[in-house]
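These notes concern the structure reproduced below.
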Amino acid sequence: MSTKTVSNRNEPVIESRDQLVAAIAKGEKPKDRWRIGTEHEKFVYCRKNFNAPSYDEPGGIRDLLMALTEFGWAPVMEGDNVIAMSGPDGTVSLEPAGQLELSGAPLENLHQTCAETGRHLKQVKAIGEKTGKGFLGLGLWPDKTREELPIMPKGRYEIMLRHMPRVGSMGLDMMLRTCTIQVNLDFSSEADMAHKFRTSLALQPLATALFANSPFLEGKPNGFLSYRSHIWSDTDPHRTGMLPFVFDDNFGYERYVDYMLNVPMYFVYRDGKYIDAAGLDFKDFLKGELSVLPGEKPTVTDWEDHMSTAFPEVRLKSFLEMRGADGGPWNRICALPAFWVGLLYDQGALDAAWDEVKHWTMEEREALRSAVPAQGLNAALPGGGKLLDLAGRILDISSAGLTARDCLNSSGDNETGFLDPLREIVASGKTMSEQLLDKYHGEWGGDVRRVYDEMSF
């Protein structure tokens, strides 16, 4: 989730709807300036007892963050608390229960992305060796109840933790018990944004299936392959889901602004502090009638903050965020951006991918989204067959898009090799969750803690 570093107070206020649209449109870039921003989260645990460390304990999350200074990272503060570290590879931040996230720098190619990921994991593993911490690549805590998890001292999370139970039954699970991999990608124009948004939104269920990696809850199988994805089905209906309007012919920046104006607020950030505005209306804020800040109107940064509080399968800000994947091991971190870059950063691949899904009705898209968390690649495709049948074709399209990019490393390899872990899943027909479940019911003898050996970085 977003990490604030500055206050909003001294910016000009929003005076027109055009400024709301401009906050999105400013992301337009020519193709030669398109970049890849990869984010990935991982669980932190104490090796001696598998507990999740608290923020303040010796060798806990605060100490882990501060130890990154030896690698050139600088602390980001909220009051007296270190909440993130800033450096040349982006930002290392903490999620609500201490999950550690790298929000990587905007990079030109996937070779750079993989090198960035490798540097980060090498650094945190070195710190883990000194502090007795391990790092787990899964989409869901496999054995922790909510009550066993710590809460990080971050104002945004305090507000969300209070509000989540009012609007859904699993919002706290989303915050405390999940990890994801995301990639942030650019667009050149409103039309290009809409084409990429539609295509990627329709294909998010496929990404969810390919990256399904959350089959355990509180020590036993939970009945899902991506329980993390299932959690979003009852987190907050006002700010999640498949966004049917994206598939309308007239979809563009204005329509997304309309959507965001109807998403209830969480907070306003002023003078280094979060003001609780949960459930209030941003439209009232625009009129200077927000009850928690009477007479004050929002700045563009307030609007950008508000856009970060919606959680659909694909999210639009001044770039597009792909949000459908569970957290996973090192090679999956590189595979997720490879999958989407191949599909969205080459026009031929983008058109071919859309051709595969453009005939689906909204009801069929919703049905697929609902089926995938439990069924994975065995979910029924609109028109017949299984999602697995589509997966191979989409990977071929992605591979062709990466080949067309012709981004080579020092050995002369292009970017297509980063798709290999996904090709292995399609060839076997088994998601990572199904592979872990086989081990749980077989060689692990029902001991879910064996997953720590299997899935730690």
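Chain labels A, B, ... are given in the sequence in which chains occur in the structure tokens; within each chain residues are numbered consecutively from 1, and ligands are likewise numbered from 1 in the order shown.
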
May I have the residues within 10 Å of Gln435 in chain A as an mmCIF file with N, CA and C atoms, in the first residue's frame, using only C-alpha atoms and disregarding those fewer than 5 positions away in the same chain?
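Below is the file that was written, result.cif:
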```
data_model
loop_
_atom_site.group_PDB
_atom_site.id
_atom_site.type_symbol
_atom_site.label_atom_id
_atom_site.label_comp_id
_atom_site.auth_asym_id
_atom_site.auth_seq_id
_atom_site.Cartn_x
_atom_site.Cartn_y
_atom_site.Cartn_z
ATOM 1 N N ASN A 213 -1.347 -19.367 -5.057
ATOM 2 C CA ASN A 213 -0.314 -19.804 -4.122
ATOM 3 C C ASN A 213 -0.747 -19.527 -2.682
ATOM 4 N N PRO A 215 -3.118 -21.878 -0.529
ATOM 5 C CA PRO A 215 -4.075 -22.964 -0.273
ATOM 6 C C PRO A 215 -4.272 -23.306 1.197
ATOM 7 N N ILE A 425 3.853 -24.562 -15.270
ATOM 8 C CA ILE A 425 2.534 -24.761 -14.665
ATOM 9 C C ILE A 425 1.538 -25.229 -15.715
ATOM 10 N N SER A 428 2.187 -28.865 -16.739
ATOM 11 C CA SER A 428 1.780 -29.842 -15.728
ATOM 12 C C SER A 428 0.286 -29.819 -15.461
ATOM 13 N N LYS A 430 -0.943 -28.056 -13.178
ATOM 14 C CA LYS A 430 -1.082 -27.874 -11.736
ATOM 15 C C LYS A 430 -0.506 -26.535 -11.299
ATOM 16 N N TYR A 440 1.409 -31.623 1.034
ATOM 17 C CA TYR A 440 0.742 -31.629 2.337
ATOM 18 C C TYR A 440 0.084 -32.985 2.600
#
```

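Residues with any atom within 6 Å of range 95-112 of chain A, counting only C-alpha atoms and excluding same-chain neighbours fewer than 6 positions away, are Arg35, Ile36, Gly37, Thr38, Glu39, His40, Glu41, Lys42, Phe43, Asp89, Pro150, Ile151, Met152, Met175 and Leu176 of chain A.
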
Mind checking which residues fall within 9 Å of range 390-405 of chain A, counting only C-alpha atoms, ignoring those fewer than 5 positions away in the same chain, and posting them as a PyMOL selection string? chain A and resi 206+210+338-350+352-353+356+377+381+385+414-417+419+422-423+426-427

Leu261 in chain A: which residues within 10 Å, counting only C-alpha atoms, same-chain residues fewer than 5 positions away excluded, as an NGL selection string? :A and (20 or 255-256 or 281-284 or 286 or 303 or 306-307)

DSSP on the backbone: which residues in range 130-190 of chain A end up as strand (DSSP E or B)? Give the answer as a list in words.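 Strand (DSSP E or B) members of range 130-190 of chain A, listed: Lys133, Gly134, Phe135, Leu136, Leu140, Thr178, Thr180, Ile181, Gln182, Val183, Asn184 and Leu185 of chain A.
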
Excluding range 441-449 of chain A and any residue of its chain fewer than 2 positions from it, enumerate the residues within 9 Å of it, using only C-alpha atoms, and give them as a count of residues only. 14

Could you check the closest approach to Gly128 in chain A for each of A:Pro382, A:Arg239, A:Gly60, A:Ile231 and tell me which residue wins, using only C-alpha atoms? A:Gly60

Calculate how many Å separate CA of Phe211 in chain A from CA of Leu140 in chain A, rounding to one decimal.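 That distance, rounded to one decimal, is 12.4 Å.
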
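Distances from A:Asp18, A:Val372, A:Met66, A:Gly132 to Leu225 in chain A were compared using only C-alpha atoms, and the smallest one belongs to A:Val372.
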
Sorted by chain and rising residue number, which residues of range 274-379 of chain A lie within 7 Å of range 241-253 of chain A, and what are their closest atom pairs and distances in Å to one decimal, counting only C-alpha atoms, as CSV?
```
residue,atom,partner,partner_atom,distance
A:Pro312,CA,A:Gly241,CA,4.9
A:Glu313,CA,A:Gly241,CA,6.0
A:Met362,CA,A:Pro244,CA,6.6
```
